[in-house]
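J.: If you scroll down you'll find the structure; I have some questions about it.
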Amino acid sequence: MLGRILSTYILIVMAITFPIFFVGALIIWLLTILFDKHLKLLHYYTCFWASVYTWAMPTWFVKIEGREKYKNNSTYMIVSNHQSQLDILVHFRLFLYYKIVSKAEIFRIPFTGWNMYLNRYIKLVRGNKDAAKKMMIDSENTLAAGESVFIYAEGTRSQDNEIKAFKPGAFILAKQAKVPILPIVLNGTGIALPKWKMNTEGIHRIIVRVLDEIPYERFANLSVEETADMVRQIMIGELARLKNDMGHV
């Protein structure tokens, strides 16, 4: 019962605040578009907007670790594991600058989806080869412009919160752009808001941990598949440590 009440509460908060925050985003976009070519101010505003909902949920306790490992003057291919639809909100709590690759359905949500367009985030249409090619081109152009790109390397949410096989896209991009890979591992979101559910039960600790960057030189001579497997093994090991630190699986 409490879970349903809290879920209803956060949905009401979102419904009330989405239009208000979008007006703020639109104002920032209009005022900064001519001199902020990377739209950094708008992105950080979006980080704040997204963070409001995890701050507002009294049963979600989010801890951020390793944020200092992100170098503001670097361009990264950022990859993370994916446990829940809650992940995007939680990752915005990092307040790191990037362009996120997100499924097209998110862009269709009123206000938040429109804000995704304003930010020039990167849209992915699943199951469409032409759209996938466009996503890769958009990501290549983003990296070439000196902007980090964020991709959920598994391509979809894990059903058991373990890290599944990685799609090759992020690693093709990292090798082509010759940029370092910045792995991020999170845990707890899959239990806080399980896949296919809009209901949250109980009190949940969520941890997001930024790992050491993997310089291009470390995978320059590896194949895409070898690079993906190397990064995945690093992240699997870190997820195990994270679960141990949290005292649960």
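Chain labels A, B, ... are given in the sequence in which chains occur in the structure tokens; within each chain residues are numbered consecutively from 1, and ligands are likewise numbered from 1 in the order shown.
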Might you pull out every residue within 10 Å of Lys175 (chain A), with only C-alpha atoms counted and same-chain residues fewer than 2 positions away left off, and present them as a VMD selection string?
T.: chain A and resid 77 170 to 173 177 to 181 216 to 217 219 to 224 227
J.: What's around Ile206 (chain A) at 12 Å? Count only C-alpha atoms, leave out sequence neighbours fewer than 6 positions away in its own chain, and write the answer as a compact mmCIF listing (two decimals) with C-alpha atoms, in the first residue's frame.
T.:
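Output file around01.txt follows:
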```txt
# COMPACT_ATOMS: atom_id res chain seq x y z
CA THR A 54 15.11 11.34 -6.67
CA THR A 59 12.64 5.98 0.24
CA TRP A 60 15.42 6.39 -2.35
CA PHE A 61 18.87 7.16 -0.96
CA VAL A 62 21.31 7.87 -3.78
CA LYS A 63 25.06 7.95 -3.21
CA ILE A 64 27.49 9.22 -5.85
CA GLU A 65 31.10 8.00 -5.83
CA GLN A 83 19.07 -1.94 -14.33
CA SER A 84 15.94 0.23 -14.40
CA LEU A 86 15.13 5.00 -12.98
CA ASP A 87 18.76 4.94 -14.19
CA LEU A 89 17.30 10.16 -13.45
CA VAL A 90 19.97 8.74 -11.16
CA HIS A 91 22.77 9.33 -13.66
CA ARG A 93 22.62 13.21 -10.25
CA VAL A 185 28.55 1.16 -12.53
CA LEU A 186 25.34 1.54 -10.57
CA ASN A 187 23.37 -0.76 -8.31
CA GLY A 188 20.05 -0.62 -6.49
CA THR A 189 17.80 0.91 -9.14
CA GLY A 190 16.65 -2.49 -10.39
CA ILE A 191 15.25 -3.27 -6.96
CA ALA A 192 13.95 0.24 -6.28
CA LEU A 193 11.99 0.30 -9.54
CA LEU A 242 29.51 -2.56 -5.12
CA LYS A 243 27.01 -5.21 -4.08
CA ASP A 245 29.77 -2.81 -0.11
CA MET A 246 25.98 -2.42 -0.04
CA GLY A 247 25.53 -5.69 1.79
CA HIS A 248 23.13 -7.23 -0.72
```
J.: List as a PyMOL selection string the protein and nucleic acid residues near Leu143 (chain A), meaning an atom at most 10 Å away when only C-alpha atoms are counted, but skip any in the same chain fewer than 3 places from it.
T.: chain A and resi 75-77+98-99+137-140+146-149+173-174+176-179
J.: As a PyMOL selection string, please: every residue in region 194-227 of chain A that a backbone DSSP assignment puts in alpha helix (DSSP H).
T.: chain A and resi 216-219+224-227
J.: Write out as a compact mmCIF listing (two decimals) with C-alpha atoms, in the first residue's frame the residues lying within 12 Å of Leu31 (chain A), counting only C-alpha atoms and excluding same-chain residues fewer than 6 positions away.
T.:
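Produced file selection_31.txt, reproduced below:
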```
# COMPACT_ATOMS: atom_id res chain seq x y z
CA GLY A 24 12.68 27.15 -17.44
CA ALA A 25 14.55 24.97 -19.93
CA LYS A 37 27.25 26.13 -28.43
CA LEU A 39 24.34 23.82 -24.36
CA LEU A 41 24.04 25.37 -18.98
CA LEU A 42 20.87 23.74 -20.29
```
J.: Pick the closest to Ala132 (chain A) from A:Tyr117, A:Val52, A:Gln85, A:Lys103: which is it, counting only C-alpha atoms?
T.: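 Selected residue with least distance to Ala132 (chain A): A:Lys103.
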J.: Extract, using only C-alpha atoms, all DNA, RNA and protein residues at most 10 Å from region 46-50 of chain A, discarding same-chain residues fewer than 5 positions from it, and format them as a PyMOL selection string.
T.: chain A and resi 14+17-18+21-22+24-25+40-41+55+88-97+112+115-116+119
J.: Residues as selected, N, CA and C atoms, written as an mmCIF file, in the first residue's frame, can you do that?
T.:
```cif
data_model
loop_
_atom_site.group_PDB
_atom_site.id
_atom_site.type_symbol
_atom_site.label_atom_id
_atom_site.label_comp_id
_atom_site.auth_asym_id
_atom_site.auth_seq_id
_atom_site.Cartn_x
_atom_site.Cartn_y
_atom_site.Cartn_z
ATOM 1 N N MET A 14 5.679 14.818 -10.677
ATOM 2 C CA MET A 14 6.182 14.945 -12.049
ATOM 3 C C MET A 14 5.175 15.666 -12.939
ATOM 4 N N THR A 17 5.197 19.372 -12.110
ATOM 5 C CA THR A 17 6.437 20.131 -12.317
ATOM 6 C C THR A 17 6.991 20.061 -13.735
ATOM 7 N N PHE A 18 6.624 19.040 -14.506
ATOM 8 C CA PHE A 18 7.148 18.929 -15.875
ATOM 9 C C PHE A 18 6.945 20.225 -16.673
ATOM 10 N N PHE A 21 9.227 23.122 -15.211
ATOM 11 C CA PHE A 21 10.647 22.964 -15.517
ATOM 12 C C PHE A 21 10.919 23.146 -17.003
ATOM 13 N N PHE A 22 9.977 22.716 -17.846
ATOM 14 C CA PHE A 22 10.203 22.881 -19.274
ATOM 15 C C PHE A 22 10.236 24.354 -19.663
ATOM 16 N N GLY A 24 11.335 26.722 -17.822
ATOM 17 C CA GLY A 24 12.677 27.153 -17.436
ATOM 18 C C GLY A 24 13.717 26.717 -18.438
ATOM 19 N N ALA A 25 13.601 25.476 -18.929
ATOM 20 C CA ALA A 25 14.547 24.967 -19.934
ATOM 21 C C ALA A 25 14.457 25.779 -21.213
ATOM 22 N N LYS A 40 25.778 23.613 -22.435
ATOM 23 C CA LYS A 40 26.167 23.069 -21.129
ATOM 24 C C LYS A 40 25.246 23.560 -20.015
ATOM 25 N N LEU A 41 24.906 24.848 -20.030
ATOM 26 C CA LEU A 41 24.042 25.372 -18.976
ATOM 27 C C LEU A 41 22.692 24.667 -18.986
ATOM 28 N N TRP A 55 15.497 13.289 -5.253
ATOM 29 C CA TRP A 55 15.536 13.982 -3.966
ATOM 30 C C TRP A 55 14.171 13.934 -3.285
ATOM 31 N N ILE A 88 18.261 6.761 -15.743
ATOM 32 C CA ILE A 88 18.536 8.052 -16.370
ATOM 33 C C ILE A 88 18.460 9.168 -15.345
ATOM 34 N N LEU A 89 17.424 9.137 -14.490
ATOM 35 C CA LEU A 89 17.303 10.164 -13.450
ATOM 36 C C LEU A 89 18.493 10.111 -12.500
ATOM 37 N N VAL A 90 18.866 8.903 -12.111
ATOM 38 C CA VAL A 90 19.969 8.744 -11.156
ATOM 39 C C VAL A 90 21.290 9.206 -11.769
ATOM 40 N N HIS A 91 21.514 8.903 -13.042
ATOM 41 C CA HIS A 91 22.773 9.325 -13.663
ATOM 42 C C HIS A 91 22.868 10.842 -13.803
ATOM 43 N N PHE A 92 21.740 11.505 -13.951
ATOM 44 C CA PHE A 92 21.785 12.967 -13.984
ATOM 45 C C PHE A 92 22.254 13.538 -12.641
ATOM 46 N N ARG A 93 22.135 12.766 -11.564
ATOM 47 C CA ARG A 93 22.623 13.208 -10.251
ATOM 48 C C ARG A 93 24.144 13.388 -10.248
ATOM 49 N N LEU A 94 24.826 12.821 -11.235
ATOM 50 C CA LEU A 94 26.275 12.998 -11.330
ATOM 51 C C LEU A 94 26.653 14.434 -11.669
ATOM 52 N N PHE A 95 25.760 15.145 -12.356
ATOM 53 C CA PHE A 95 26.045 16.499 -12.840
ATOM 54 C C PHE A 95 27.332 16.523 -13.661
ATOM 55 N N LEU A 96 27.453 15.517 -14.546
ATOM 56 C CA LEU A 96 28.545 15.471 -15.506
ATOM 57 C C LEU A 96 27.998 15.894 -16.858
ATOM 58 N N TYR A 97 28.854 16.495 -17.687
ATOM 59 C CA TYR A 97 28.394 16.954 -18.991
ATOM 60 C C TYR A 97 28.525 15.846 -20.031
ATOM 61 N N THR A 112 9.455 16.574 -20.993
ATOM 62 C CA THR A 112 10.796 16.002 -20.825
ATOM 63 C C THR A 112 11.388 15.608 -22.178
ATOM 64 N N ASN A 115 12.455 18.601 -23.982
ATOM 65 C CA ASN A 115 13.731 19.065 -23.424
ATOM 66 C C ASN A 115 14.899 18.246 -23.960
ATOM 67 N N MET A 116 14.658 16.965 -24.220
ATOM 68 C CA MET A 116 15.706 16.133 -24.832
ATOM 69 C C MET A 116 16.102 16.706 -26.188
ATOM 70 N N ASN A 119 18.214 19.857 -25.796
ATOM 71 C CA ASN A 119 19.586 19.546 -25.388
ATOM 72 C C ASN A 119 20.415 18.903 -26.499
#
```
J.: Just checking: using only C-alpha atoms, which residue out of A:Ala131, A:Ile163, A:Gly202, A:Phe111 ends up closest to Ile20 (chain A)?
T.: A:Phe111
